[in-house]
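Dropping input15.cif in here (mmCIF, N, CA and C atoms):
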data_coords
loop_
_atom_site.label_atom_id
_atom_site.label_comp_id
_atom_site.auth_asym_id
_atom_site.auth_seq_id
_atom_site.Cartn_x
_atom_site.Cartn_y
_atom_site.Cartn_z
N MET M 1 -14.91 0.36 -6.51
CA MET M 1 -13.94 0.39 -5.44
C MET M 1 -13.95 1.78 -4.82
N LYS M 2 -13.79 1.80 -3.52
CA LYS M 2 -13.64 3.06 -2.80
C LYS M 2 -12.28 3.07 -2.12
N LEU M 3 -11.69 4.24 -2.03
CA LEU M 3 -10.46 4.45 -1.27
C LEU M 3 -10.82 5.26 -0.04
N LEU M 4 -10.60 4.68 1.13
CA LEU M 4 -10.99 5.31 2.39
C LEU M 4 -9.77 5.65 3.22
N PRO M 5 -9.72 6.87 3.79
CA PRO M 5 -8.60 7.21 4.67
C PRO M 5 -8.68 6.43 5.97
N LEU M 6 -7.56 6.22 6.61
CA LEU M 6 -7.52 5.57 7.92
C LEU M 6 -7.86 6.63 8.96
N ASP M 7 -9.13 6.96 9.06
CA ASP M 7 -9.54 8.07 9.91
C ASP M 7 -10.33 7.64 11.14
N CYS M 8 -10.35 6.33 11.43
CA CYS M 8 -10.99 5.87 12.65
C CYS M 8 -10.18 4.73 13.24
N ARG M 9 -10.33 4.54 14.53
CA ARG M 9 -9.56 3.53 15.26
C ARG M 9 -9.77 2.13 14.68
N GLU M 10 -11.00 1.79 14.31
CA GLU M 10 -11.29 0.45 13.81
C GLU M 10 -10.52 0.13 12.52
N LEU M 11 -10.51 1.08 11.59
CA LEU M 11 -9.78 0.87 10.34
C LEU M 11 -8.27 0.79 10.59
N THR M 12 -7.76 1.65 11.43
CA THR M 12 -6.33 1.65 11.74
C THR M 12 -5.92 0.33 12.37
N GLU M 13 -6.71 -0.19 13.30
CA GLU M 13 -6.40 -1.47 13.93
C GLU M 13 -6.52 -2.63 12.94
N LEU M 14 -7.51 -2.57 12.05
CA LEU M 14 -7.67 -3.60 11.03
C LEU M 14 -6.43 -3.66 10.12
N VAL M 15 -5.98 -2.50 9.67
CA VAL M 15 -4.80 -2.43 8.80
C VAL M 15 -3.55 -2.91 9.55
N ALA M 16 -3.39 -2.52 10.81
CA ALA M 16 -2.25 -2.98 11.60
C ALA M 16 -2.26 -4.50 11.70
N ASN M 17 -3.43 -5.09 11.86
CA ASN M 17 -3.55 -6.54 11.91
C ASN M 17 -3.14 -7.18 10.58
N TRP M 18 -3.61 -6.63 9.47
CA TRP M 18 -3.22 -7.15 8.15
C TRP M 18 -1.71 -7.08 7.96
N LEU M 19 -1.12 -5.94 8.33
CA LEU M 19 0.31 -5.75 8.11
C LEU M 19 1.16 -6.65 9.00
N SER M 20 0.61 -7.09 10.13
CA SER M 20 1.37 -7.94 11.05
C SER M 20 1.33 -9.42 10.66
N GLN M 21 0.47 -9.81 9.73
CA GLN M 21 0.40 -11.21 9.31
C GLN M 21 1.69 -11.60 8.60
N GLU M 22 2.18 -12.79 8.93
CA GLU M 22 3.49 -13.23 8.42
C GLU M 22 3.59 -13.17 6.90
N GLY M 23 2.53 -13.53 6.21
CA GLY M 23 2.56 -13.49 4.75
C GLY M 23 2.66 -12.10 4.17
N ASN M 24 2.41 -11.10 4.98
CA ASN M 24 2.49 -9.70 4.53
C ASN M 24 3.74 -9.01 5.04
N CYS M 25 4.01 -9.11 6.34
CA CYS M 25 5.08 -8.30 6.94
C CYS M 25 6.46 -8.69 6.45
N LYS M 26 6.65 -9.92 6.01
CA LYS M 26 7.99 -10.31 5.55
C LYS M 26 8.40 -9.57 4.28
N TRP M 27 7.43 -8.97 3.57
CA TRP M 27 7.73 -8.26 2.34
C TRP M 27 7.84 -6.75 2.54
N LEU M 28 7.45 -6.28 3.72
CA LEU M 28 7.37 -4.84 3.95
C LEU M 28 8.56 -4.32 4.74
N ASP M 29 8.88 -3.06 4.53
CA ASP M 29 9.94 -2.41 5.29
C ASP M 29 9.54 -0.95 5.49
N PHE M 30 9.23 -0.62 6.73
CA PHE M 30 8.82 0.74 7.06
C PHE M 30 9.97 1.53 7.67
N GLY M 31 11.19 1.04 7.49
CA GLY M 31 12.37 1.74 7.98
C GLY M 31 12.80 1.27 9.35
N ASN M 32 14.08 1.32 9.60
CA ASN M 32 14.68 0.94 10.88
C ASN M 32 14.30 -0.47 11.32
N GLY M 33 14.14 -1.36 10.36
CA GLY M 33 13.83 -2.75 10.67
C GLY M 33 12.39 -3.03 11.05
N VAL M 34 11.51 -2.05 10.90
CA VAL M 34 10.09 -2.25 11.22
C VAL M 34 9.38 -2.85 10.02
N HIS M 35 8.81 -4.05 10.22
CA HIS M 35 8.10 -4.72 9.14
C HIS M 35 6.59 -4.70 9.34
N SER M 36 6.14 -4.49 10.55
CA SER M 36 4.69 -4.40 10.80
C SER M 36 4.44 -3.31 11.84
N PRO M 37 4.09 -2.12 11.37
CA PRO M 37 3.86 -1.01 12.30
C PRO M 37 2.63 -1.25 13.17
N SER M 38 2.66 -0.73 14.36
CA SER M 38 1.52 -0.83 15.27
C SER M 38 0.42 0.13 14.81
N ALA M 39 -0.76 0.00 15.42
CA ALA M 39 -1.86 0.91 15.11
C ALA M 39 -1.48 2.36 15.44
N VAL M 40 -0.74 2.54 16.52
CA VAL M 40 -0.29 3.89 16.89
C VAL M 40 0.66 4.45 15.83
N SER M 41 1.59 3.62 15.35
CA SER M 41 2.52 4.06 14.30
C SER M 41 1.78 4.41 13.02
N LEU M 42 0.77 3.60 12.66
CA LEU M 42 -0.02 3.91 11.47
C LEU M 42 -0.76 5.23 11.62
N LYS M 43 -1.27 5.49 12.79
CA LYS M 43 -1.97 6.76 13.04
C LYS M 43 -1.02 7.93 12.84
N VAL M 44 0.19 7.80 13.35
CA VAL M 44 1.19 8.85 13.16
C VAL M 44 1.53 9.00 11.68
N MET M 45 1.67 7.88 10.97
CA MET M 45 1.97 7.93 9.53
C MET M 45 0.90 8.70 8.76
N THR M 46 -0.37 8.50 9.14
CA THR M 46 -1.46 9.18 8.42
C THR M 46 -1.50 10.67 8.72
N GLN M 47 -0.85 11.09 9.79
CA GLN M 47 -0.84 12.50 10.15
C GLN M 47 0.33 13.27 9.55
N ARG M 48 1.23 12.55 8.90
CA ARG M 48 2.39 13.19 8.30
C ARG M 48 2.22 13.25 6.79
N ASP M 49 2.86 14.20 6.15
CA ASP M 49 2.79 14.32 4.69
C ASP M 49 3.69 13.32 3.97
N LEU M 50 4.48 12.56 4.71
CA LEU M 50 5.44 11.64 4.12
C LEU M 50 4.78 10.37 3.58
N HIS M 51 3.59 10.02 4.08
CA HIS M 51 2.90 8.79 3.67
C HIS M 51 1.45 9.10 3.33
N VAL M 52 0.91 8.34 2.39
CA VAL M 52 -0.52 8.38 2.08
C VAL M 52 -1.01 6.94 2.12
N LEU M 53 -1.94 6.65 3.03
CA LEU M 53 -2.49 5.30 3.19
C LEU M 53 -3.99 5.35 2.95
N ARG M 54 -4.49 4.37 2.18
CA ARG M 54 -5.93 4.28 1.93
C ARG M 54 -6.35 2.81 1.97
N VAL M 55 -7.47 2.56 2.64
CA VAL M 55 -8.09 1.25 2.63
C VAL M 55 -8.94 1.19 1.37
N PHE M 56 -8.96 0.02 0.70
CA PHE M 56 -9.82 -0.09 -0.47
C PHE M 56 -10.87 -1.18 -0.27
N THR M 57 -11.97 -1.03 -1.01
CA THR M 57 -13.12 -1.93 -0.91
C THR M 57 -13.33 -2.60 -2.27
N PRO M 58 -14.09 -3.70 -2.31
CA PRO M 58 -14.49 -4.23 -3.63
C PRO M 58 -15.49 -3.27 -4.27
N HIS M 59 -15.72 -3.42 -5.55
CA HIS M 59 -16.59 -2.48 -6.26
C HIS M 59 -18.05 -2.55 -5.82
N ASP M 60 -18.47 -3.67 -5.22
CA ASP M 60 -19.88 -3.84 -4.89
C ASP M 60 -20.17 -3.84 -3.39
N SER M 61 -19.23 -3.31 -2.57
CA SER M 61 -19.41 -3.36 -1.13
C SER M 61 -18.59 -2.27 -0.45
N ASP M 62 -18.92 -1.99 0.81
CA ASP M 62 -18.13 -1.06 1.62
C ASP M 62 -17.17 -1.80 2.54
N LEU M 63 -17.06 -3.13 2.39
CA LEU M 63 -16.19 -3.95 3.21
C LEU M 63 -14.72 -3.68 2.89
N PRO M 64 -13.91 -3.25 3.85
CA PRO M 64 -12.47 -3.05 3.59
C PRO M 64 -11.81 -4.41 3.27
N ILE M 65 -11.07 -4.46 2.17
CA ILE M 65 -10.40 -5.72 1.80
C ILE M 65 -8.89 -5.58 1.68
N GLY M 66 -8.37 -4.37 1.74
CA GLY M 66 -6.93 -4.20 1.63
C GLY M 66 -6.52 -2.76 1.86
N VAL M 67 -5.22 -2.55 1.82
CA VAL M 67 -4.69 -1.20 2.03
C VAL M 67 -3.62 -0.94 0.96
N VAL M 68 -3.58 0.29 0.50
CA VAL M 68 -2.56 0.72 -0.45
C VAL M 68 -1.87 1.93 0.14
N GLY M 69 -0.56 2.03 -0.10
CA GLY M 69 0.19 3.14 0.46
C GLY M 69 1.21 3.72 -0.49
N LEU M 70 1.42 5.00 -0.35
CA LEU M 70 2.54 5.69 -0.98
C LEU M 70 3.46 6.10 0.15
N SER M 71 4.73 5.81 0.00
CA SER M 71 5.71 6.16 1.02
C SER M 71 6.76 7.10 0.45
N ASN M 72 7.37 7.86 1.33
CA ASN M 72 8.37 8.86 0.95
C ASN M 72 7.82 9.83 -0.09
N VAL M 73 6.66 10.37 0.22
CA VAL M 73 5.98 11.30 -0.68
C VAL M 73 6.67 12.66 -0.62
N ASP M 74 6.95 13.20 -1.78
CA ASP M 74 7.49 14.55 -1.90
C ASP M 74 6.47 15.37 -2.67
N ARG M 75 5.66 16.11 -1.95
CA ARG M 75 4.56 16.85 -2.57
C ARG M 75 5.06 17.97 -3.48
N ARG M 76 6.23 18.48 -3.20
CA ARG M 76 6.78 19.55 -4.03
C ARG M 76 7.07 19.04 -5.44
N PHE M 77 7.65 17.84 -5.54
CA PHE M 77 7.97 17.26 -6.85
C PHE M 77 6.89 16.30 -7.35
N LYS M 78 5.85 16.08 -6.53
CA LYS M 78 4.74 15.19 -6.88
C LYS M 78 5.24 13.79 -7.18
N THR M 79 6.08 13.26 -6.27
CA THR M 79 6.63 11.92 -6.42
C THR M 79 6.46 11.14 -5.12
N ALA M 80 6.63 9.85 -5.24
CA ALA M 80 6.66 8.96 -4.07
C ALA M 80 7.78 7.96 -4.29
N GLY M 81 8.46 7.61 -3.20
CA GLY M 81 9.57 6.66 -3.30
C GLY M 81 9.10 5.24 -3.56
N SER M 82 7.93 4.90 -3.04
CA SER M 82 7.41 3.54 -3.26
C SER M 82 5.90 3.52 -3.14
N MET M 83 5.32 2.55 -3.82
CA MET M 83 3.90 2.28 -3.74
C MET M 83 3.76 0.82 -3.36
N TRP M 84 2.88 0.52 -2.42
CA TRP M 84 2.70 -0.85 -1.98
C TRP M 84 1.23 -1.10 -1.68
N ALA M 85 0.85 -2.35 -1.69
CA ALA M 85 -0.52 -2.74 -1.37
C ALA M 85 -0.51 -4.06 -0.64
N VAL M 86 -1.44 -4.22 0.29
CA VAL M 86 -1.61 -5.47 1.02
C VAL M 86 -3.08 -5.85 0.94
N LEU M 87 -3.33 -7.05 0.51
CA LEU M 87 -4.69 -7.57 0.45
C LEU M 87 -5.00 -8.25 1.77
N GLY M 88 -5.89 -7.66 2.55
CA GLY M 88 -6.24 -8.20 3.86
C GLY M 88 -7.21 -9.34 3.78
N GLN M 89 -8.16 -9.26 2.85
CA GLN M 89 -9.15 -10.31 2.66
C GLN M 89 -8.71 -11.14 1.45
N LYS M 90 -7.98 -12.23 1.71
CA LYS M 90 -7.37 -13.01 0.63
C LYS M 90 -8.39 -13.64 -0.31
N ARG M 91 -9.62 -13.81 0.14
CA ARG M 91 -10.62 -14.46 -0.73
C ARG M 91 -10.93 -13.62 -1.96
N TYR M 92 -10.54 -12.35 -1.95
CA TYR M 92 -10.78 -11.50 -3.10
C TYR M 92 -9.67 -11.62 -4.14
N GLY M 93 -8.75 -12.55 -3.95
CA GLY M 93 -7.70 -12.79 -4.93
C GLY M 93 -6.65 -11.70 -4.91
N GLY M 94 -6.10 -11.41 -6.06
CA GLY M 94 -5.14 -10.34 -6.15
C GLY M 94 -3.74 -10.81 -6.46
N CYS M 95 -3.53 -12.14 -6.55
CA CYS M 95 -2.16 -12.60 -6.95
C CYS M 95 -1.86 -12.19 -8.36
N HIS M 96 -0.56 -11.93 -8.65
CA HIS M 96 -0.09 -11.65 -10.01
C HIS M 96 0.42 -12.96 -10.60
N TRP M 97 0.13 -13.20 -11.86
CA TRP M 97 0.60 -14.41 -12.53
C TRP M 97 1.74 -14.04 -13.47
N ILE M 98 2.86 -14.71 -13.30
CA ILE M 98 4.03 -14.51 -14.15
C ILE M 98 4.49 -15.88 -14.61
N ASP M 99 4.55 -16.07 -15.91
CA ASP M 99 4.96 -17.35 -16.49
C ASP M 99 4.18 -18.52 -15.90
N GLY M 100 2.86 -18.32 -15.70
CA GLY M 100 2.01 -19.40 -15.22
C GLY M 100 2.08 -19.68 -13.73
N ARG M 101 2.81 -18.87 -12.96
CA ARG M 101 2.92 -19.07 -11.52
C ARG M 101 2.37 -17.86 -10.79
N PRO M 102 1.59 -18.06 -9.70
CA PRO M 102 1.05 -16.93 -8.94
C PRO M 102 2.09 -16.34 -7.98
N TYR M 103 2.09 -15.03 -7.87
CA TYR M 103 2.96 -14.33 -6.94
C TYR M 103 2.12 -13.30 -6.19
N ASP M 104 2.38 -13.15 -4.89
CA ASP M 104 1.69 -12.15 -4.11
C ASP M 104 2.40 -10.81 -4.13
N ARG M 105 3.58 -10.77 -4.67
CA ARG M 105 4.35 -9.54 -4.69
C ARG M 105 4.84 -9.31 -6.11
N LEU M 106 4.71 -8.09 -6.57
CA LEU M 106 5.16 -7.73 -7.90
C LEU M 106 6.01 -6.48 -7.78
N LEU M 107 7.25 -6.57 -8.19
CA LEU M 107 8.16 -5.44 -8.17
C LEU M 107 8.35 -4.93 -9.59
N TYR M 108 8.54 -3.66 -9.73
CA TYR M 108 8.79 -3.10 -11.04
C TYR M 108 9.72 -1.91 -10.91
N ASP M 109 10.39 -1.62 -11.99
CA ASP M 109 11.26 -0.46 -12.06
C ASP M 109 11.02 0.21 -13.41
N LEU M 110 11.30 1.48 -13.46
CA LEU M 110 11.27 2.21 -14.71
C LEU M 110 12.69 2.68 -14.98
N LEU M 111 13.25 2.19 -16.05
CA LEU M 111 14.62 2.55 -16.41
C LEU M 111 14.63 3.90 -17.11
N ALA M 112 15.72 4.58 -17.03
CA ALA M 112 15.85 5.89 -17.68
C ALA M 112 15.61 5.75 -19.19
N THR M 113 16.04 4.64 -19.77
CA THR M 113 15.86 4.44 -21.21
C THR M 113 14.40 4.18 -21.58
N GLU M 114 13.56 3.80 -20.61
CA GLU M 114 12.15 3.56 -20.87
C GLU M 114 11.29 4.80 -20.66
N HIS M 115 11.84 5.82 -20.03
CA HIS M 115 11.09 7.03 -19.72
C HIS M 115 10.96 7.91 -20.94
N ARG M 116 9.73 8.35 -21.17
CA ARG M 116 9.48 9.31 -22.24
C ARG M 116 8.78 10.52 -21.63
N GLU M 117 9.25 11.68 -21.94
CA GLU M 117 8.64 12.89 -21.42
C GLU M 117 7.32 13.15 -22.14
N LEU M 118 6.30 13.51 -21.38
CA LEU M 118 4.99 13.83 -21.97
C LEU M 118 4.98 15.27 -22.43
N PRO M 119 4.37 15.55 -23.57
CA PRO M 119 4.29 16.95 -24.02
C PRO M 119 3.38 17.74 -23.09
N ASP M 120 3.64 19.04 -22.98
CA ASP M 120 2.79 19.90 -22.18
C ASP M 120 1.42 19.98 -22.80
N ALA M 121 0.39 19.99 -21.95
CA ALA M 121 -0.99 20.05 -22.45
C ALA M 121 -1.35 21.45 -22.89
#
Final C-alpha cells representation of the file:
Amino acid sequence: MKLLPLDCRELTELVANWLSQEGNCKWLDFGNGVHSPSAVSLKVMTQRDLHVLRVFTPHDSDLPIGVVGLSNVDRRFKTAGSMWAVLGQKRYGGCHWIDGRPYDRLLYDLLATEHRELPDA
C-alpha cells in the first residue's frame, strides 16, 4: 500500500467525488453541516496544518482506492481529534464484521480506564 498526498487536481477531484457519494457523505461531518467538501475545499484542507489527507492504493498497484484523513490535528501535542477513511473503490472490500454482520463504519473510543502510559524509551 502507498499513501499519496492530494497534490494534484485529478486526485483531489477523485476524492471529492468519493466523499460526495451518498453511502459515504451521510457518515461524514467536516463542520458547519458540510458532509461532502468540494474539490476546492479539499485543496484548502490539504494546505492547512489542521488536516492530513492521504489517498491509499492496494499493495500491488498504484490505483487509488480510498482516502484516509486525520482531522483537528494538533502538532504541538501530536494528537488528532478524529481519524476517518473512505473506500472509493468498493470492490476492494473493507467492511468490518461485528457479530457476523458487515458494517462500513466502525467507531471506537479509548476510555481513561483503558489507557496505559508507555515507559520512556
For Val55 of chain M, find every residue with an atom within 6.5 Å (counting all atoms listed in the file), except residues of its own chain fewer than 5 positions away, and show them as a short mmCIF file (atom, residue, chain, number, x, y, z; two decimals) with N, CA and C atoms, in the coordinates of the input.
data_model
loop_
_atom_site.label_atom_id
_atom_site.label_comp_id
_atom_site.auth_asym_id
_atom_site.auth_seq_id
_atom_site.Cartn_x
_atom_site.Cartn_y
_atom_site.Cartn_z
N LYS M 2 -13.79 1.80 -3.52
CA LYS M 2 -13.64 3.06 -2.80
C LYS M 2 -12.28 3.07 -2.12
N LEU M 3 -11.69 4.24 -2.03
CA LEU M 3 -10.46 4.45 -1.27
C LEU M 3 -10.82 5.26 -0.04
N LEU M 4 -10.60 4.68 1.13
CA LEU M 4 -10.99 5.31 2.39
C LEU M 4 -9.77 5.65 3.22
N PRO M 5 -9.72 6.87 3.79
CA PRO M 5 -8.60 7.21 4.67
C PRO M 5 -8.68 6.43 5.97
N LEU M 6 -7.56 6.22 6.61
CA LEU M 6 -7.52 5.57 7.92
C LEU M 6 -7.86 6.63 8.96
N PRO M 64 -13.91 -3.25 3.85
CA PRO M 64 -12.47 -3.05 3.59
C PRO M 64 -11.81 -4.41 3.27
N ILE M 65 -11.07 -4.46 2.17
CA ILE M 65 -10.40 -5.72 1.80
C ILE M 65 -8.89 -5.58 1.68
N GLY M 66 -8.37 -4.37 1.74
CA GLY M 66 -6.93 -4.20 1.63
C GLY M 66 -6.52 -2.76 1.86
N VAL M 67 -5.22 -2.55 1.82
CA VAL M 67 -4.69 -1.20 2.03
C VAL M 67 -3.62 -0.94 0.96
N VAL M 68 -3.58 0.29 0.50
CA VAL M 68 -2.56 0.72 -0.45
C VAL M 68 -1.87 1.93 0.14
#
Selection under test: the PyMOL selection byres ((chain M and resi 30-41) around 7); residues as a ChimeraX atom specification: /M:12-13,15-17,19-21,24-29,42-46
Take the residues from that selection and put them in a file with N, CA and C atoms, as a PDB file, keeping the file's coordinate frame.
ATOM      1  N   THR M  12      -7.760   1.650  11.430  1.00  0.00           N
ATOM      2  CA  THR M  12      -6.330   1.650  11.740  1.00  0.00           C
ATOM      3  C   THR M  12      -5.920   0.330  12.370  1.00  0.00           C
ATOM      4  N   GLU M  13      -6.710  -0.190  13.300  1.00  0.00           N
ATOM      5  CA  GLU M  13      -6.400  -1.470  13.930  1.00  0.00           C
ATOM      6  C   GLU M  13      -6.520  -2.630  12.940  1.00  0.00           C
ATOM      7  N   VAL M  15      -5.980  -2.500   9.670  1.00  0.00           N
ATOM      8  CA  VAL M  15      -4.800  -2.430   8.800  1.00  0.00           C
ATOM      9  C   VAL M  15      -3.550  -2.910   9.550  1.00  0.00           C
ATOM     10  N   ALA M  16      -3.390  -2.520  10.810  1.00  0.00           N
ATOM     11  CA  ALA M  16      -2.250  -2.980  11.600  1.00  0.00           C
ATOM     12  C   ALA M  16      -2.260  -4.500  11.700  1.00  0.00           C
ATOM     13  N   ASN M  17      -3.430  -5.090  11.860  1.00  0.00           N
ATOM     14  CA  ASN M  17      -3.550  -6.540  11.910  1.00  0.00           C
ATOM     15  C   ASN M  17      -3.140  -7.180  10.580  1.00  0.00           C
ATOM     16  N   LEU M  19      -1.120  -5.940   8.330  1.00  0.00           N
ATOM     17  CA  LEU M  19       0.310  -5.750   8.110  1.00  0.00           C
ATOM     18  C   LEU M  19       1.160  -6.650   9.000  1.00  0.00           C
ATOM     19  N   SER M  20       0.610  -7.090  10.130  1.00  0.00           N
ATOM     20  CA  SER M  20       1.370  -7.940  11.050  1.00  0.00           C
ATOM     21  C   SER M  20       1.330  -9.420  10.660  1.00  0.00           C
ATOM     22  N   GLN M  21       0.470  -9.810   9.730  1.00  0.00           N
ATOM     23  CA  GLN M  21       0.400 -11.210   9.310  1.00  0.00           C
ATOM     24  C   GLN M  21       1.690 -11.600   8.600  1.00  0.00           C
ATOM     25  N   ASN M  24       2.410 -11.100   4.980  1.00  0.00           N
ATOM     26  CA  ASN M  24       2.490  -9.700   4.530  1.00  0.00           C
ATOM     27  C   ASN M  24       3.740  -9.010   5.040  1.00  0.00           C
ATOM     28  N   CYS M  25       4.010  -9.110   6.340  1.00  0.00           N
ATOM     29  CA  CYS M  25       5.080  -8.300   6.940  1.00  0.00           C
ATOM     30  C   CYS M  25       6.460  -8.690   6.450  1.00  0.00           C
ATOM     31  N   LYS M  26       6.650  -9.920   6.010  1.00  0.00           N
ATOM     32  CA  LYS M  26       7.990 -10.310   5.550  1.00  0.00           C
ATOM     33  C   LYS M  26       8.400  -9.570   4.280  1.00  0.00           C
ATOM     34  N   TRP M  27       7.430  -8.970   3.570  1.00  0.00           N
ATOM     35  CA  TRP M  27       7.730  -8.260   2.340  1.00  0.00           C
ATOM     36  C   TRP M  27       7.840  -6.750   2.540  1.00  0.00           C
ATOM     37  N   LEU M  28       7.450  -6.280   3.720  1.00  0.00           N
ATOM     38  CA  LEU M  28       7.370  -4.840   3.950  1.00  0.00           C
ATOM     39  C   LEU M  28       8.560  -4.320   4.740  1.00  0.00           C
ATOM     40  N   ASP M  29       8.880  -3.060   4.530  1.00  0.00           N
ATOM     41  CA  ASP M  29       9.940  -2.410   5.290  1.00  0.00           C
ATOM     42  C   ASP M  29       9.540  -0.950   5.490  1.00  0.00           C
ATOM     43  N   LEU M  42       0.770   3.600  12.660  1.00  0.00           N
ATOM     44  CA  LEU M  42      -0.020   3.910  11.470  1.00  0.00           C
ATOM     45  C   LEU M  42      -0.760   5.230  11.620  1.00  0.00           C
ATOM     46  N   LYS M  43      -1.270   5.490  12.790  1.00  0.00           N
ATOM     47  CA  LYS M  43      -1.970   6.760  13.040  1.00  0.00           C
ATOM     48  C   LYS M  43      -1.020   7.930  12.840  1.00  0.00           C
ATOM     49  N   VAL M  44       0.190   7.800  13.350  1.00  0.00           N
ATOM     50  CA  VAL M  44       1.190   8.850  13.160  1.00  0.00           C
ATOM     51  C   VAL M  44       1.530   9.000  11.680  1.00  0.00           C
ATOM     52  N   MET M  45       1.670   7.880  10.970  1.00  0.00           N
ATOM     53  CA  MET M  45       1.970   7.930   9.530  1.00  0.00           C
ATOM     54  C   MET M  45       0.900   8.700   8.760  1.00  0.00           C
ATOM     55  N   THR M  46      -0.370   8.500   9.140  1.00  0.00           N
ATOM     56  CA  THR M  46      -1.460   9.180   8.420  1.00  0.00           C
ATOM     57  C   THR M  46      -1.500  10.670   8.720  1.00  0.00           C
TER      58      THR M  46
END
Between atom CA of Val73 of chain M and atom CA of Asp49 of chain M - distance in Å to one decimal: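 If I compute the distance from atom CA of Asp49 of chain M to atom CA of Val73 of chain M, I get 6.9 Å.
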Radius query 6.5 Å about (1.4, 3.0, -2.3), atoms used: all atoms listed in the file, as a PyMOL selection string: chain M and resi 52+68-71+82-85
Box dimensions and centre (Å, one decimal) enclosing segment 45-53 of chain M, axis-aligned, 8 Å extra per side, as JSON:
{"center_x": 0.7, "center_y": 9.8, "center_z": 6.5, "size_x": 25.4, "size_y": 25.0, "size_z": 24.9}
From the DSSP assignment of the backbone, select every residue of segment 19-105 of chain M that is helix (DSSP H, G or I), and format the answer as a PDB file with N, CA and C atoms, keeping the file's coordinate frame.
ATOM      1  N   LEU M  19      -1.120  -5.940   8.330  1.00  0.00           N
ATOM      2  CA  LEU M  19       0.310  -5.750   8.110  1.00  0.00           C
ATOM      3  C   LEU M  19       1.160  -6.650   9.000  1.00  0.00           C
ATOM      4  N   SER M  20       0.610  -7.090  10.130  1.00  0.00           N
ATOM      5  CA  SER M  20       1.370  -7.940  11.050  1.00  0.00           C
ATOM      6  C   SER M  20       1.330  -9.420  10.660  1.00  0.00           C
ATOM      7  N   GLU M  22       2.180 -12.790   8.930  1.00  0.00           N
ATOM      8  CA  GLU M  22       3.490 -13.230   8.420  1.00  0.00           C
ATOM      9  C   GLU M  22       3.590 -13.170   6.900  1.00  0.00           C
ATOM     10  N   GLY M  23       2.530 -13.530   6.210  1.00  0.00           N
ATOM     11  CA  GLY M  23       2.560 -13.490   4.750  1.00  0.00           C
ATOM     12  C   GLY M  23       2.660 -12.100   4.170  1.00  0.00           C
ATOM     13  N   ASN M  24       2.410 -11.100   4.980  1.00  0.00           N
ATOM     14  CA  ASN M  24       2.490  -9.700   4.530  1.00  0.00           C
ATOM     15  C   ASN M  24       3.740  -9.010   5.040  1.00  0.00           C
ATOM     16  N   CYS M  25       4.010  -9.110   6.340  1.00  0.00           N
ATOM     17  CA  CYS M  25       5.080  -8.300   6.940  1.00  0.00           C
ATOM     18  C   CYS M  25       6.460  -8.690   6.450  1.00  0.00           C
ATOM     19  N   ALA M  39      -0.760   0.000  15.420  1.00  0.00           N
ATOM     20  CA  ALA M  39      -1.860   0.910  15.110  1.00  0.00           C
ATOM     21  C   ALA M  39      -1.480   2.360  15.440  1.00  0.00           C
ATOM     22  N   VAL M  40      -0.740   2.540  16.520  1.00  0.00           N
ATOM     23  CA  VAL M  40      -0.290   3.890  16.890  1.00  0.00           C
ATOM     24  C   VAL M  40       0.660   4.450  15.830  1.00  0.00           C
ATOM     25  N   SER M  41       1.590   3.620  15.350  1.00  0.00           N
ATOM     26  CA  SER M  41       2.520   4.060  14.300  1.00  0.00           C
ATOM     27  C   SER M  41       1.780   4.410  13.020  1.00  0.00           C
ATOM     28  N   LEU M  42       0.770   3.600  12.660  1.00  0.00           N
ATOM     29  CA  LEU M  42      -0.020   3.910  11.470  1.00  0.00           C
ATOM     30  C   LEU M  42      -0.760   5.230  11.620  1.00  0.00           C
ATOM     31  N   LYS M  43      -1.270   5.490  12.790  1.00  0.00           N
ATOM     32  CA  LYS M  43      -1.970   6.760  13.040  1.00  0.00           C
ATOM     33  C   LYS M  43      -1.020   7.930  12.840  1.00  0.00           C
ATOM     34  N   VAL M  44       0.190   7.800  13.350  1.00  0.00           N
ATOM     35  CA  VAL M  44       1.190   8.850  13.160  1.00  0.00           C
ATOM     36  C   VAL M  44       1.530   9.000  11.680  1.00  0.00           C
ATOM     37  N   MET M  45       1.670   7.880  10.970  1.00  0.00           N
ATOM     38  CA  MET M  45       1.970   7.930   9.530  1.00  0.00           C
ATOM     39  C   MET M  45       0.900   8.700   8.760  1.00  0.00           C
ATOM     40  N   THR M  46      -0.370   8.500   9.140  1.00  0.00           N
ATOM     41  CA  THR M  46      -1.460   9.180   8.420  1.00  0.00           C
ATOM     42  C   THR M  46      -1.500  10.670   8.720  1.00  0.00           C
ATOM     43  N   GLN M  47      -0.850  11.090   9.790  1.00  0.00           N
ATOM     44  CA  GLN M  47      -0.840  12.500  10.150  1.00  0.00           C
ATOM     45  C   GLN M  47       0.330  13.270   9.550  1.00  0.00           C
ATOM     46  N   LYS M  90      -7.980 -12.230   1.710  1.00  0.00           N
ATOM     47  CA  LYS M  90      -7.370 -13.010   0.630  1.00  0.00           C
ATOM     48  C   LYS M  90      -8.390 -13.640  -0.310  1.00  0.00           C
ATOM     49  N   ARG M  91      -9.620 -13.810   0.140  1.00  0.00           N
ATOM     50  CA  ARG M  91     -10.620 -14.460  -0.730  1.00  0.00           C
ATOM     51  C   ARG M  91     -10.930 -13.620  -1.960  1.00  0.00           C
ATOM     52  N   TYR M  92     -10.540 -12.350  -1.950  1.00  0.00           N
ATOM     53  CA  TYR M  92     -10.780 -11.500  -3.100  1.00  0.00           C
ATOM     54  C   TYR M  92      -9.670 -11.620  -4.140  1.00  0.00           C
TER      55      TYR M  92
END
Nearby residues (only N, CA and C atoms) at most 8 Å from Ser61 of chain M, same-chain spacing under 4 positions excluded, as a ChimeraX atom specification: /M:1-2,56-57
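Here atom CA of Leu14 of chain M and atom CA of Arg75 of chain M stand 27.4 Å from one another.
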For atom CA of Gly100 of chain M and atom CA of Trp18 of chain M, the interatomic separation in Å (one decimal):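 Computed distance, atom CA of Gly100 of chain M to atom CA of Trp18 of chain M, equals 26.9 Å.
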Backbone DSSP call of strand (DSSP E) for segment 49-79 of chain M, listed as JSON, numbers by chain: {"M": [51, 52, 53, 54, 55, 56, 66, 67, 68, 69, 70, 71, 72, 73, 74, 79]}
Polymer residues at most 8 Å from Asp74 of chain M, all atoms listed in the file, same-chain spacing of 6 or more positions, as a PyMOL selection string: chain M and resi 49-51+80-81
